[in-house]
Amino acid sequence: MQSDSPVHDGDTTTVAGALRVAQFYIPTTASLQERRPRTLKHGDAFALFDHNGDAVGGIGSPEGLYHLDTRHLSFLRLSIDGARPMLLSSTLNDDNSALTCDLTNPDLPDENGNLRLERDLIHLRRTRFLWNGTCYERLAVSNFDECARRVRIEIDFAADFADLFEVRGTARARRGSLHEATLTPESVTLSYTGLDNVVRKTVLGFHPTPDSLTPTRASFALTLDPLSSKQLSMEVRCASFSEAPAGPLTFLSALRKSRRELLRMSERETSIETSNESFNELSRRSVSDLHMLRTDTPHGPYPYAGIPWFSTPFGRDAIITALEVLWLDPQLAHGVLQYLAARQANAIDAKADAEPGKILHETRHGEMAQLGEVPFGLYYGSVDATPLYVVLAGAYLQRTGDIHAIRALWPNIRAALNWISDFGDRDGDLFVEYGRQSPEGLINQGWKDSRDSVFHADGQLAPGPIALAEVQAYTYGAWNAAALICSALHDVTGAATYAAKAAAIRDAFDARFYDAALGTYVLALDGDKRPCRVRASNAGHTLFTGIARPERARSVIAALMDSRTFCGWGIRTVSSDAARFNPMSYHNGSVWPHDNALIARGMARYGHRAEVLRIFEGLFAASNYIDQRRLPELFCGFRRRRSQGPTFYPVACSPQAWAAAAPLLLLQACLGLDFHPDEPAITFHTPTLPSFLDEVRLLNLTVGAHSVSVALRRLAGGVVVDVLERQGGIQVRTLA
């Protein structure tokens with residue numbers, strides 16, 4: 001998916017008997033599933049802690065507090081009288097606003113080995129959240145014994161200031177300098193000057209003043225009367241620039257601001273309520289994860305891709321996420337369009353894989369990116385972000401009717417279209433191909449960007465430049481979106497020209513990509529124009545934009561839902577009879593929720609609702625086995641077995657924006673929900689409900705200044721739509 005996927009760039013080779021891996025390979029020495037870390041994020045900071053609320057780490061562990069791609073806190077451990085507390089429970093709030101860890105003391109011996117404090121008498125509650133580059137924590141210590149107790153609470157800490165790519169396993173020949181800690185009675189400042197000459201600081205503040213404070217430990221001696229409590233608080237401030245960080249707020253004032261922001265985000269969105277509480281939990285978690293991953297930029301809201309490895313702006317991910325939730329929150333799409341327009345390439349830069357009009361792949365802010373040790377400071381190596389940008393612009397216009405925003409973005413849209421014609425289609429055959437411009441760039445530049453994700457039927461890797469099936473589908477969608485926009489701008493000639501381009505691509509695509517023997521579209525054409533005759537989920541994206549001819553749709557869908565491809569949880573990235581099939585791989589047999597959601601939306605477009613329901617039911621069933629009902633980036637593509645959950649992928653990001661949004665797009669696909677801002681109206685095209693839902697209520701569906709709340713209920717083998725509340729002249733129609 002992203003540029004720095006676990007296996008993606010360059011072959012793995014053996015040199016002088018030593019294994020030499022690709023430059024941006026993520027060495028997997030430990031599974032995130034073993035620890036299932038608790039995740040917090042706000043703005044450009046995110047954190048991963050264990051269930052106790054600590055960050056004790058270990059080889060391959062990403063635990064800690066990060067800001068702008070630098071780990072500002074690499075170690076954090078709470079102890080009571082020198083012992084690690086026992087875990088009672090650990091949970092994130094439903095809205096992801098705070099992490100709460102309930103702990104208690106273990107049996108504590110005295111110096112002679114006799115029992116001094118019996119277990120479960122001292123309760124510790126840690127409440128933690130992030131706000132504006134600061135991690136806030138409140139620790140409540142309560143004594144439930146019948147007599148007074150004196151306990152020592154210690155907090156150990158350290159900061160390695162490792163670049164995110166170092167944490168992921170990239171070795172560096174040199175690093176910057178760690179400095180001696182600066183102490184005051186109530187604070188410790190840890191600092192590091194990078195090779196980029198940027199001073200990065202971590203300031204830990206404690207309240208009340210600790211009884212003892214060193215560069216690595218804060219210690220508090222507490223005397224607790226029976227049934228009494230005392231509170232401690234800690235702030236960990238991150239600063240990634242030479243100037244000192246702003247002072248923190250108090251715990252309660254920062255918490256109030258955090259919750260107000262969440263309330264502001266949710267007020268404008270459509271709310272979902274259903275008859276199934278398990279699905280309600282899934283949808284609430286999806287929305288909460290999207291809120292958490294959303295970062296407010298000067299250009300509007302933008303969803304960062306995922307935690308821990310991709311908490312940064314990605315072009316492709318944000319566009320697809322915005323498309324998935326466009327029906328719920330069109331403002332997110334507006335922010336994505338504006339942000340990417342501001343960072344659209346305007347010149348050729350081989351190292352950055354940039355060309356005029358191309359849309360950003362990703363941007364990074366860490367030391368290694370600033371020094372060019374990794375090429376991702378401002379990187380454009382994705383072939384699909386540019387046509388998808390135009391697709392999103394057209395979809396945003398259809399959803400909102402906001403012609404003023406689209407008119408302002410038209411120069412950027414036109415530049416993206418020019419890139420498709422001038423740079424994307426390298427040889428003039430109407431197909432958009434990719435090939436990196438420098439050895440530092442990505443080999444594969446579609447969403448499946450592992451080094452071995454594009455191959456022939458015999459397993460041989462495809463040489464470039466490569467034309468992927470789904471990229472042609474996105475390009476077709478882009479030309480059609482451009483025609484729609486031109487019509488709205490009253491440019492009749494432009495609309496006709498772009499519509500003709502779309503028609504020509506559709507004809508050429510059908511002629512070269514459809515394989516009657518496979519019963520579907522091939523994965524790609526390689527650099528010699530040889531088809532990669534592999535059944536893959538890529539073909540399903542042809543349904544999403546409508547490039548698949550209607551007479552092909554049934555066979556394409558049959559290939560996707562065949563038992564070799566559909567494993568019961570969802571559609572695999574490649575079928576089980578493919579030469580490189582591996583259900584534990586990143587892209588060659590795994591199941592990706594966003595991939596399935598886009599395909600299902602396409603199936604609904606062609607009227608195949610039964611298959612949409614099967615995909616929806618499979619992913620919903622998987623969510624019932626997943627911690628916090630949080631759909632991860634991907635999971636393994638092993639066949640579904642009765643009374644067993646899915647097999648997890650060891651280093652999948654969770655939360656991941658486009659995975660979080662997948663259930664929301666699946667719901668739209670089932671309901672056949674579309675918007676008509678010019679009337680204004682909303683329509684439900686042959687709405688259906690999966691077996692686990694008898695009723696769905698959509699509250700505050702907005703079209704411009706109008707809104708409506710509706711209920712959809714299963715009745716007599718069909719679905720009826722009732723209007724619950726209406727504001728303005730909005731119409732609600734059901735179409736068969």
# chains A, B, ... in the order shown; residues from 1 in each chain; ligands from 1
>>> residues_around(residues="Tyr521 of chain A", least_positions_apart="4", cutoff="12 Å", atoms="only C-alpha atoms", output="PyMOL selection string")
chain A and resi 468-470+472-473+509-517+525+531-543+547-549+552-553+555-560
>>> write_last_selection(atoms="N, CA and C atoms", output="short mmCIF file (atom, residue, chain, number, x, y, z; two decimals), in the first residue's frame")
data_model
loop_
_atom_site.label_atom_id
_atom_site.label_comp_id
_atom_site.auth_asym_id
_atom_site.auth_seq_id
_atom_site.Cartn_x
_atom_site.Cartn_y
_atom_site.Cartn_z
N LEU A 468 -1.11 -1.14 -14.63
CA LEU A 468 -1.98 -1.91 -13.75
C LEU A 468 -3.43 -1.79 -14.17
N ALA A 469 -4.19 -2.85 -13.96
CA ALA A 469 -5.60 -2.84 -14.34
C ALA A 469 -6.36 -1.74 -13.62
N GLU A 470 -6.17 -1.61 -12.29
CA GLU A 470 -6.97 -0.64 -11.54
C GLU A 470 -6.57 0.79 -11.90
N GLN A 472 -5.86 1.90 -14.85
CA GLN A 472 -6.62 2.26 -16.06
C GLN A 472 -8.07 2.56 -15.68
N ALA A 473 -8.58 1.82 -14.69
CA ALA A 473 -9.93 2.09 -14.22
C ALA A 473 -10.02 3.49 -13.60
N PHE A 509 -8.96 -0.70 -23.14
CA PHE A 509 -8.78 -1.52 -21.95
C PHE A 509 -9.46 -2.87 -22.12
N ASP A 510 -10.65 -2.88 -22.63
CA ASP A 510 -11.36 -4.15 -22.80
C ASP A 510 -10.62 -5.05 -23.79
N ALA A 511 -10.08 -4.46 -24.83
CA ALA A 511 -9.38 -5.25 -25.86
C ALA A 511 -8.10 -5.86 -25.33
N ARG A 512 -7.37 -5.15 -24.47
CA ARG A 512 -6.05 -5.62 -24.06
C ARG A 512 -6.04 -6.30 -22.69
N PHE A 513 -6.98 -5.97 -21.82
CA PHE A 513 -6.92 -6.48 -20.45
C PHE A 513 -7.88 -7.63 -20.18
N TYR A 514 -8.98 -7.73 -20.94
CA TYR A 514 -9.92 -8.82 -20.63
C TYR A 514 -9.38 -10.14 -21.16
N ASP A 515 -9.43 -11.16 -20.32
CA ASP A 515 -8.92 -12.49 -20.68
C ASP A 515 -10.07 -13.49 -20.51
N ALA A 516 -10.56 -13.97 -21.62
CA ALA A 516 -11.73 -14.86 -21.59
C ALA A 516 -11.43 -16.14 -20.82
N ALA A 517 -10.21 -16.66 -20.94
CA ALA A 517 -9.87 -17.90 -20.24
C ALA A 517 -9.87 -17.70 -18.73
N LEU A 525 -0.32 -5.16 -17.58
CA LEU A 525 0.54 -5.37 -18.75
C LEU A 525 1.94 -4.98 -18.35
N PRO A 531 0.47 -9.56 -21.01
CA PRO A 531 -0.48 -9.55 -19.89
C PRO A 531 0.00 -10.42 -18.74
N CYS A 532 -0.18 -9.95 -17.52
CA CYS A 532 0.07 -10.74 -16.32
C CYS A 532 -1.22 -11.49 -16.01
N ARG A 533 -1.29 -12.73 -16.44
CA ARG A 533 -2.52 -13.51 -16.41
C ARG A 533 -2.72 -14.09 -15.01
N VAL A 534 -3.10 -13.22 -14.09
CA VAL A 534 -3.28 -13.58 -12.69
C VAL A 534 -4.64 -13.06 -12.24
N ARG A 535 -5.41 -13.93 -11.57
CA ARG A 535 -6.66 -13.46 -10.97
C ARG A 535 -6.32 -12.69 -9.70
N ALA A 536 -6.68 -11.43 -9.69
CA ALA A 536 -6.32 -10.57 -8.58
C ALA A 536 -7.47 -9.62 -8.27
N SER A 537 -7.46 -9.09 -7.05
CA SER A 537 -8.51 -8.16 -6.66
C SER A 537 -8.45 -6.87 -7.45
N ASN A 538 -7.32 -6.59 -8.09
CA ASN A 538 -7.20 -5.37 -8.91
C ASN A 538 -8.34 -5.27 -9.91
N ALA A 539 -8.75 -6.41 -10.47
CA ALA A 539 -9.82 -6.41 -11.47
C ALA A 539 -11.12 -5.88 -10.89
N GLY A 540 -11.33 -6.05 -9.58
CA GLY A 540 -12.56 -5.56 -8.97
C GLY A 540 -12.69 -4.05 -9.00
N HIS A 541 -11.57 -3.34 -9.09
CA HIS A 541 -11.62 -1.88 -9.12
C HIS A 541 -12.14 -1.37 -10.46
N THR A 542 -12.17 -2.24 -11.47
CA THR A 542 -12.77 -1.85 -12.74
C THR A 542 -14.27 -1.64 -12.58
N LEU A 543 -14.85 -2.33 -11.59
CA LEU A 543 -16.28 -2.15 -11.31
C LEU A 543 -16.53 -0.84 -10.59
N ILE A 547 -15.36 1.10 -15.69
CA ILE A 547 -14.68 0.83 -16.96
C ILE A 547 -15.02 -0.57 -17.48
N ALA A 548 -15.39 -1.47 -16.58
CA ALA A 548 -15.77 -2.82 -17.00
C ALA A 548 -17.05 -2.76 -17.82
N ARG A 549 -17.05 -3.37 -18.97
CA ARG A 549 -18.26 -3.41 -19.80
C ARG A 549 -19.33 -4.24 -19.08
N ARG A 552 -19.17 -7.90 -19.21
CA ARG A 552 -18.05 -8.55 -18.52
C ARG A 552 -18.29 -8.65 -17.01
N ALA A 553 -19.17 -7.83 -16.49
CA ALA A 553 -19.29 -7.69 -15.04
C ALA A 553 -19.59 -9.01 -14.35
N SER A 555 -18.89 -12.13 -15.13
CA SER A 555 -17.76 -13.04 -15.04
C SER A 555 -16.67 -12.48 -14.14
N VAL A 556 -16.46 -11.17 -14.15
CA VAL A 556 -15.48 -10.56 -13.26
C VAL A 556 -15.89 -10.80 -11.81
N ILE A 557 -17.15 -10.60 -11.51
CA ILE A 557 -17.63 -10.80 -10.14
C ILE A 557 -17.55 -12.27 -9.76
N ALA A 558 -17.86 -13.16 -10.69
CA ALA A 558 -17.77 -14.60 -10.40
C ALA A 558 -16.34 -14.99 -10.06
N ALA A 559 -15.35 -14.41 -10.76
CA ALA A 559 -13.95 -14.70 -10.47
C ALA A 559 -13.56 -14.19 -9.09
N LEU A 560 -14.09 -13.03 -8.71
CA LEU A 560 -13.77 -12.46 -7.40
C LEU A 560 -14.41 -13.25 -6.26
#
>>> residues_around(residues="Ala662 of chain A", least_positions_apart="6", cutoff="9 Å", atoms="only C-alpha atoms", output="list in words")
Ser286, Thr321, Glu324, Val325, Pro593, His594, Asp595, Asn596, Ala597, Leu598 and Leu631 of chain A
>>> atom_distance(atom1="atom CA of Thr312 of chain A", atom2="atom CA of Ala478 of chain A")
25.2 Å
>>> residues_around(residues="segment 730-735 of chain A", least_positions_apart="6", cutoff="6 Å", atoms="only C-alpha atoms", output="list in words")
Pro680, Ala681, Ile682, Thr683, Phe684, His685 and Thr686 of chain A
>>> residues_around(residues="Phe46 of chain A", least_positions_apart="4", cutoff="7 Å", atoms="only C-alpha atoms", output="short mmCIF file (atom, residue, chain, number, x, y, z; two decimals) with C-alpha atoms, in the first residue's frame")
data_model
loop_
_atom_site.label_atom_id
_atom_site.label_comp_id
_atom_site.auth_asym_id
_atom_site.auth_seq_id
_atom_site.Cartn_x
_atom_site.Cartn_y
_atom_site.Cartn_z
CA LEU A 40 -3.41 7.57 20.80
CA LYS A 41 -3.04 10.35 18.24
CA HIS A 42 -3.61 14.05 17.90
CA LEU A 65 5.58 8.79 21.91
CA TYR A 66 6.25 10.27 18.47
CA HIS A 67 6.09 13.74 17.00
#
>>> select_by_dssp(residues="segment 155-245 of chain A", states="strand (DSSP E)", output="PyMOL selection string")
chain A and resi 155-158+177-178+182-184+187-193+199-207+212-213+217-224+228-239
>>> atom_distance(atom1="atom CA of Ala83 of chain A", atom2="atom CA of Thr214 of chain A")
19.0 Å
>>> residues_around(residues="Pro109 of chain A", least_positions_apart="4", cutoff="12 Å", atoms="only C-alpha atoms", output="number ranges by chain")
A: 81-83, 105, 113-119
>>> closest_residue(among="A:Phe206, A:Phe616, A:Trp131, A:Phe157", to="Ala600 of chain A", atoms="only C-alpha atoms")
A:Phe616
>>> closest_residue(among="A:Met234, A:Ala578, A:Leu388, A:Leu461", to="Arg530 of chain A", atoms="only C-alpha atoms")
A:Leu461
>>> closest_residue(among="A:Thr202, A:Thr104, A:Ser97, A:Ser450", to="Leu293 of chain A", atoms="only C-alpha atoms")
A:Ser97
>>> residues_around(residues="Arg364 of chain A", least_positions_apart="5", cutoff="12 Å", atoms="only C-alpha atoms", output="PyMOL selection string")
chain A and resi 3-4+44+67-70+163-165+304+309-314+369-380
>>> residues_around(residues="Leu417 of chain A", least_positions_apart="5", cutoff="9 Å", atoms="only C-alpha atoms", output="JSON, numbers by chain")
{"A": [357, 386, 387, 390, 412, 422, 478, 479, 482]}
>>> closest_residue(among="A:Leu263, A:Leu523, A:Leu664, A:Cys670", to="Ala610 of chain A", atoms="only C-alpha atoms")
A:Cys670
>>> closest_residue(among="A:Arg128, A:Arg150, A:Arg629, A:Arg639", to="Arg284 of chain A", atoms="only C-alpha atoms")
A:Arg629
>>> select_by_dssp(residues="segment 41-173 of chain A", states="helix (DSSP H, G or I)", output="number ranges by chain")
A: 164-167
>>> closest_residue(among="A:Tyr474, A:Thr193, A:Phe161, A:Pro298", to="Ile319 of chain A", atoms="only C-alpha atoms")
A:Tyr474
>>> atom_distance(atom1="atom CA of Ala347 of chain A", atom2="atom CA of Ala500 of chain A")
28.4 Å
